[in-house]
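Just target.csv here, CSV, C-alpha atoms and all ligand atoms:
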chain,number,residue,atom,x,y,z
A,48,MET,CA,100.3,-17.3,177.5
A,49,GLN,CA,97.3,-19.6,176.9
A,50,LEU,CA,98.1,-23.2,175.9
A,51,ARG,CA,95.0,-25.0,174.9
A,52,PRO,CA,94.5,-28.4,176.5
A,53,PHE,CA,96.7,-31.1,174.7
A,54,LEU,CA,93.8,-33.5,174.2
A,55,LEU,CA,96.1,-36.2,172.6
A,56,ASP,CA,98.3,-36.3,175.7
A,57,MET,CA,95.2,-36.4,177.9
A,58,TRP,CA,93.9,-39.4,175.9
A,59,LEU,CA,97.4,-41.1,176.0
A,60,ALA,CA,97.6,-40.5,179.8
A,61,THR,CA,94.3,-42.5,180.1
A,62,TYR,CA,94.7,-45.2,177.5
A,63,ASP,CA,98.4,-45.6,176.5
A,64,HIS,CA,99.7,-47.5,179.5
A,65,ASP,CA,99.1,-50.8,181.2
A,66,ILE,CA,97.8,-52.4,178.1
A,67,GLU,CA,99.2,-55.5,176.3
A,68,PHE,CA,98.9,-54.5,172.6
A,69,ASN,CA,99.1,-50.9,171.6
A,70,LEU,CA,98.0,-50.7,167.9
A,71,ALA,CA,98.0,-46.8,168.0
A,72,ALA,CA,101.5,-46.1,169.2
A,73,SER,CA,103.7,-43.9,167.1
A,74,GLU,CA,106.9,-45.6,168.2
A,75,GLY,CA,108.1,-49.2,167.5
A,76,PRO,CA,109.2,-51.9,169.9
A,77,ARG,CA,110.7,-50.8,173.2
A,78,TRP,CA,114.4,-51.1,173.9
A,79,THR,CA,116.0,-51.8,177.3
A,80,LEU,CA,119.4,-50.2,178.0
A,81,ASN,CA,120.7,-53.7,178.2
A,82,GLY,CA,119.3,-54.5,174.8
A,83,ILE,CA,121.0,-51.5,173.3
A,84,LEU,CA,124.3,-52.1,175.0
A,85,SER,CA,124.3,-55.7,173.8
A,86,LEU,CA,124.6,-54.3,170.2
A,87,ALA,CA,127.8,-52.5,171.1
A,88,SER,CA,131.4,-53.7,171.2
A,89,GLU,CA,133.0,-54.0,174.6
A,90,ALA,CA,135.0,-50.8,174.1
A,91,GLU,CA,131.8,-48.9,173.1
A,92,ARG,CA,130.0,-50.3,176.2
A,93,GLN,CA,132.7,-49.1,178.5
A,94,ARG,CA,132.8,-45.7,176.8
A,95,PHE,CA,129.0,-45.4,177.4
A,96,LEU,CA,129.1,-46.7,181.0
A,97,ASN,CA,131.9,-44.3,181.9
A,98,HIS,CA,130.4,-41.3,180.1
A,99,LYS,CA,130.2,-38.3,182.4
A,100,LEU,CA,126.7,-36.9,182.8
A,101,ALA,CA,127.3,-33.2,182.3
A,102,TYR,CA,126.1,-30.3,180.2
A,103,SER,CA,126.9,-30.9,176.6
A,104,ARG,CA,128.0,-28.4,174.0
A,105,PRO,CA,125.1,-26.0,173.1
A,106,ALA,CA,124.9,-27.4,169.5
A,107,GLY,CA,125.1,-31.0,170.8
A,108,ALA,CA,127.9,-33.5,171.4
A,109,GLU,CA,130.4,-33.4,168.5
A,110,GLY,CA,130.2,-37.2,167.9
A,111,LEU,CA,126.4,-37.2,167.8
A,112,ARG,CA,126.3,-34.2,165.4
A,113,ALA,CA,128.8,-35.9,163.2
A,114,ALA,CA,126.7,-39.1,163.1
A,115,ILE,CA,123.5,-37.1,162.3
A,116,ALA,CA,125.3,-35.2,159.6
A,117,ASP,CA,126.5,-38.4,158.1
A,118,MET,CA,123.0,-39.9,158.2
A,119,GLN,CA,121.4,-36.8,156.7
A,120,ASP,CA,124.2,-36.2,154.2
A,121,VAL,CA,124.7,-32.6,155.5
A,122,THR,CA,127.7,-30.7,157.0
A,123,VAL,CA,128.2,-30.9,160.8
A,124,ASP,CA,127.6,-27.2,161.0
A,125,ALA,CA,124.0,-27.7,159.7
A,126,VAL,CA,123.1,-29.9,162.7
A,127,GLN,CA,121.6,-28.5,165.9
A,128,VAL,CA,120.7,-31.1,168.6
A,129,VAL,CA,117.7,-30.2,170.8
A,130,THR,CA,115.5,-32.1,173.3
A,131,GLY,CA,113.2,-33.9,170.9
A,132,ALA,CA,111.2,-32.7,167.9
A,133,SER,CA,108.9,-30.9,170.4
A,134,GLU,CA,111.7,-28.4,171.3
A,135,ALA,CA,112.6,-27.9,167.7
A,136,LEU,CA,109.0,-27.0,166.9
A,137,LEU,CA,108.9,-24.6,169.8
A,138,ILE,CA,112.1,-22.8,168.8
A,139,LEU,CA,110.9,-22.5,165.2
A,140,MET,CA,107.6,-21.1,166.2
A,141,TRP,CA,109.4,-18.6,168.5
A,142,LEU,CA,111.5,-17.5,165.6
A,143,ALA,CA,108.3,-17.0,163.5
A,144,ALA,CA,106.6,-15.0,166.2
A,145,GLU,CA,106.9,-11.5,164.8
A,146,PRO,CA,104.1,-9.0,164.9
A,147,GLY,CA,101.5,-9.7,162.2
A,148,ALA,CA,103.1,-13.0,161.2
A,149,ASN,CA,101.3,-16.1,160.0
A,150,VAL,CA,102.3,-19.7,159.6
A,151,VAL,CA,100.9,-22.3,157.2
A,152,LEU,CA,100.2,-25.8,158.6
A,153,PRO,CA,98.6,-29.1,157.7
A,154,GLN,CA,95.1,-29.9,158.8
A,155,PRO,CA,94.7,-32.5,160.3
A,156,GLY,CA,98.2,-32.5,161.9
A,157,TYR,CA,100.1,-33.3,165.1
A,158,PRO,CA,98.3,-31.1,167.6
A,159,PRO,CA,101.2,-28.9,168.8
A,160,PHE,CA,101.7,-27.7,165.2
A,161,SER,CA,98.8,-25.4,165.8
A,162,ALA,CA,98.7,-25.1,169.6
A,163,LEU,CA,102.2,-23.6,169.7
A,164,PRO,CA,101.7,-20.7,167.3
A,165,GLU,CA,98.2,-20.1,168.7
A,166,SER,CA,99.8,-19.7,172.2
A,167,LEU,CA,102.2,-17.2,170.7
A,168,ARG,CA,99.4,-15.3,169.0
A,169,ILE,CA,100.7,-16.1,165.6
A,170,GLU,CA,98.0,-16.3,162.9
A,171,THR,CA,97.5,-20.0,161.8
A,172,ARG,CA,96.5,-20.9,158.2
A,173,TYR,CA,95.7,-24.4,157.2
A,174,TYR,CA,96.0,-26.5,154.1
A,175,ALA,CA,93.8,-29.6,154.0
A,176,VAL,CA,95.2,-33.1,153.9
A,177,ARG,CA,92.1,-34.7,152.3
A,178,LYS,CA,91.0,-38.4,152.1
A,179,GLU,CA,89.5,-37.7,148.6
A,180,ASN,CA,93.0,-36.8,147.5
A,181,ASN,CA,94.7,-39.8,149.1
A,182,PHE,CA,95.8,-37.4,151.9
A,183,ARG,CA,98.3,-35.8,149.5
A,184,ILE,CA,99.1,-32.1,149.7
A,185,ASP,CA,97.8,-29.6,147.2
A,186,LEU,CA,100.7,-27.4,146.3
A,187,GLU,CA,98.5,-24.6,144.8
A,188,GLU,CA,96.4,-24.5,148.0
A,189,ILE,CA,99.6,-24.0,150.1
A,190,LYS,CA,101.0,-21.4,147.8
A,191,GLN,CA,97.8,-19.4,147.8
A,192,LEU,CA,97.7,-19.4,151.6
A,193,ALA,CA,101.1,-17.7,151.8
A,194,ASP,CA,101.6,-13.9,151.7
A,195,ARG,CA,104.3,-11.4,152.6
A,196,ASN,CA,103.6,-12.0,156.3
A,197,THR,CA,104.1,-15.8,156.1
A,198,LYS,CA,107.1,-16.7,158.2
A,199,LEU,CA,106.9,-20.5,158.0
A,200,ILE,CA,105.4,-23.3,156.0
A,201,LEU,CA,105.3,-26.6,157.7
A,202,ILE,CA,105.1,-29.9,156.0
A,203,ASN,CA,105.1,-33.3,157.7
A,204,SER,CA,106.2,-36.3,155.6
A,205,PRO,CA,105.4,-39.1,156.3
A,206,HIS,CA,102.4,-37.4,157.7
A,207,ASN,CA,100.9,-37.9,161.2
A,208,PRO,CA,98.2,-39.2,161.3
A,209,THR,CA,97.7,-40.4,157.7
A,210,GLY,CA,101.2,-41.7,156.7
A,211,ALA,CA,100.9,-39.9,153.4
A,212,THR,CA,104.2,-38.6,151.9
A,213,ILE,CA,105.2,-35.6,149.8
A,214,SER,CA,106.9,-36.5,146.6
A,215,ASP,CA,110.4,-35.3,145.8
A,216,ALA,CA,109.0,-33.2,142.9
A,217,GLU,CA,106.4,-31.6,145.2
A,218,LEU,CA,109.1,-30.9,147.8
A,219,ASP,CA,111.4,-29.3,145.2
A,220,SER,CA,108.6,-27.1,144.0
A,221,LEU,CA,107.7,-25.9,147.6
A,222,HIS,CA,111.3,-25.3,148.4
A,223,GLU,CA,111.7,-23.1,145.3
A,224,PHE,CA,108.6,-21.2,146.2
A,225,THR,CA,109.6,-20.6,149.9
A,226,ALA,CA,113.2,-19.8,149.1
A,227,SER,CA,112.2,-17.2,146.6
A,228,ARG,CA,109.9,-15.5,149.2
A,229,GLU,CA,112.2,-15.9,152.2
A,230,ILE,CA,109.7,-18.1,153.9
A,231,GLN,CA,111.1,-20.7,156.3
A,232,LEU,CA,110.3,-24.2,155.0
A,233,VAL,CA,110.1,-26.7,157.9
A,234,SER,CA,109.9,-30.4,157.1
A,235,ASP,CA,108.9,-32.5,160.0
A,236,GLU,CA,110.3,-35.9,159.1
A,237,VAL,CA,110.2,-37.7,162.5
A,238,PHE,CA,108.6,-40.7,160.8
A,239,HIS,CA,111.3,-40.9,158.1
A,240,PRO,CA,112.4,-43.6,157.1
A,241,ILE,CA,109.2,-45.5,158.0
A,242,TYR,CA,107.2,-45.7,154.7
A,243,HIS,CA,104.2,-47.8,153.8
A,244,GLY,CA,104.8,-47.0,150.1
A,245,GLN,CA,107.6,-45.6,148.1
A,246,ALA,CA,110.3,-43.9,150.2
A,247,THR,CA,110.9,-40.2,149.5
A,248,LYS,CA,114.0,-38.1,149.9
A,249,SER,CA,114.7,-36.0,153.0
A,250,ALA,CA,114.4,-32.2,152.7
A,251,SER,CA,117.9,-32.0,154.2
A,252,ARG,CA,119.2,-32.1,150.6
A,253,LEU,CA,117.6,-28.7,150.1
A,254,PRO,CA,119.7,-25.6,151.2
A,255,HIS,CA,116.8,-23.5,152.6
A,256,ALA,CA,114.8,-26.2,154.4
A,257,THR,CA,114.9,-26.9,158.1
A,258,VAL,CA,114.4,-30.6,158.9
A,259,ILE,CA,113.1,-31.8,162.2
A,260,HIS,CA,114.0,-35.4,163.1
A,261,ASP,CA,114.0,-37.3,166.4
A,262,PHE,CA,114.9,-40.5,168.1
A,263,SER,CA,111.4,-41.5,169.2
A,264,LYS,CA,110.0,-42.9,166.0
A,265,ALA,CA,112.5,-44.4,163.6
A,266,PHE,CA,114.9,-45.5,166.4
A,267,PRO,CA,112.1,-46.3,169.1
A,268,LEU,CA,114.2,-44.2,171.6
A,269,SER,CA,111.6,-41.9,173.1
A,270,GLY,CA,113.3,-42.4,176.5
A,271,CYS,CA,110.4,-41.1,178.5
A,272,GLY,CA,111.3,-43.1,181.6
A,273,PRO,CA,109.9,-46.3,183.1
A,274,VAL,CA,106.8,-47.7,181.5
A,275,GLY,CA,104.9,-50.9,182.4
B,301,LIG,C1,104.7,-35.4,163.6
B,301,LIG,C2,105.3,-35.2,164.9
B,301,LIG,N1,106.2,-34.2,165.1
B,301,LIG,C3,106.8,-34.1,166.3
B,301,LIG,C4,106.5,-35.0,167.4
B,301,LIG,C5,107.2,-34.8,168.7
B,301,LIG,O1,108.3,-35.7,168.8
B,301,LIG,P1,109.3,-35.8,170.0
B,301,LIG,O2,108.8,-37.0,170.8
B,301,LIG,O3,110.7,-36.0,169.5
B,301,LIG,O4,109.2,-34.5,170.8
B,301,LIG,C6,105.6,-36.0,167.2
B,301,LIG,C7,105.4,-37.0,168.3
B,301,LIG,O5,104.5,-37.9,168.2
B,301,LIG,C8,105.0,-36.2,165.9
B,301,LIG,O6,104.1,-37.2,165.7

Output the file's structure as structure tokens, nothing else.
Amino acid sequence: MQLRPFLLDMWLATYDHDIEFNLAASEGPRWTLNGILSLASEAERQRFLNHKLAYSRPAGAEGLRAAIADMQDVTVDAVQVVTGASEALLILMWLAAEPGANVVLPQPGYPPFSALPESLRIETRYYAVRKENNFRIDLEEIKQLADRNTKLILINSPHNPTGATISDAELDSLHEFTASREIQLVSDEVFHPIYHGQATKSASRLPHATVIHDFSKAFPLSGCGPVG
């Protein structure tokens, strides 16, 4: 397998640490464990501190799944906990990796969107997120890129790096299109609910969409370990 160099991570390794003000970060303010624990009741704090560090259930701890289900207004069975949005992307690309398959992705986009399928030798097709169009998606362009070998169409709203969103009506239309063609619609919503304009609804309300969410952005809990 050939993974092309992750230029963003290389740039971050050089410039993202040991600086006072990071205007380019994708997460918010940084929590300390003490800061988080101070939000909890004494009983919750004790439960956390006495939690046994062991393998969890494969789908994720029941309490966590129930809390996510509640937040996303879906059933608990619809929730699968993985290690960050990155692992979710990897799993979905593996699932798409059938002989002759193609996937439809935004351009520009978060670099692993394209690097992962490329490494798995899946054909990548791109719809443009253009400045002239206020970085909005063009539904017709996306639909025209898809054919009978398209396994997955990925959307990202709010979009990294532009912050543009996909309207509820656009999402409904794309969902109808993908569902009727048995194409997996994947909605990367790691920046939901951080909006610079009008908030849009999560794709989790749609029966055939897979939504990727994480703790790094909206909750500033990327948890990567000690930083300066
Ligand atoms: C659009 C997008 N998707 C996925 C990820 C990966 O998220 P995680 O840190 O949860 O693996 C990022 C990280 O910046 C991102 O910007």

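Near ligand LIG 301 (chain B), at a distance of at most 8 Å and with only C-alpha atoms and all ligand atoms counted, sit the residues Ser73, Thr130, Gly131, Ala132, Ser133, Glu134, Leu136, Gly156, Tyr157, Phe160, Asn203, His206, Asn207, Pro208, Asp235, Glu236, Val237, Phe238, Ile259, His260, Asp261, Phe262, Ser263, Lys264 and Ser269 of chain A.
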
- Message: Residues within 7 Å of Ile202 (chain A), please, as a PyMOL selection string. Count only C-alpha atoms; anything in the same chain fewer than 6 positions from it doesn't count.
- Response: chain A and resi 152-153+233-235

- Message: Just want the 12 Å neighbourhood of Arg228 (chain A), counted on only C-alpha atoms, with same-chain residues fewer than 6 positions away dropped. Output as a PyMOL selection string.
- Response: chain A and resi 190+193-200+221-222+255

Could those selected residues go to a file with C-alpha atoms, as an mmCIF file, in the frame of the given file?
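Dumped to again-v7.cif:
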data_model
loop_
_atom_site.group_PDB
_atom_site.id
_atom_site.type_symbol
_atom_site.label_atom_id
_atom_site.label_comp_id
_atom_site.auth_asym_id
_atom_site.auth_seq_id
_atom_site.Cartn_x
_atom_site.Cartn_y
_atom_site.Cartn_z
ATOM 1 C CA LYS A 190 101.000 -21.400 147.800
ATOM 2 C CA ALA A 193 101.100 -17.700 151.800
ATOM 3 C CA ASP A 194 101.600 -13.900 151.700
ATOM 4 C CA ARG A 195 104.300 -11.400 152.600
ATOM 5 C CA ASN A 196 103.600 -12.000 156.300
ATOM 6 C CA THR A 197 104.100 -15.800 156.100
ATOM 7 C CA LYS A 198 107.100 -16.700 158.200
ATOM 8 C CA LEU A 199 106.900 -20.500 158.000
ATOM 9 C CA ILE A 200 105.400 -23.300 156.000
ATOM 10 C CA LEU A 221 107.700 -25.900 147.600
ATOM 11 C CA HIS A 222 111.300 -25.300 148.400
ATOM 12 C CA HIS A 255 116.800 -23.500 152.600
#

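In terms of minimum interatomic distance to Gln127 (chain A), A:Thr257 ranks closest within A:Ser204, A:Ser227, A:Ser85, A:Thr257, counting only C-alpha atoms.
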
- Mind pulling up the distance from CA of Arg112 (chain A) to CA of Val128 (chain A)?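 Straight-line distance from CA of Val128 (chain A) to CA of Arg112 (chain A) works out to 7.2 Å.
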
- Have a look at CA of Glu188 (chain A) and CA of Leu139 (chain A) and let me know their distance in Å, one decimal.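 Between these atoms lies a distance of 22.6 Å.
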
- Item | Between CA of Val150 (chain A) and CA of Glu223 (chain A), distance in Å (one decimal) | 17.4 Å

- Nearest-residue call for Ile230 (chain A), choices A:Thr122, A:Thr209, A:Asn69, A:Asn149, using all atoms listed in the file: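 Looking only at the distances to Ile230 (chain A), the closest residue turns out to be A:Asn149.
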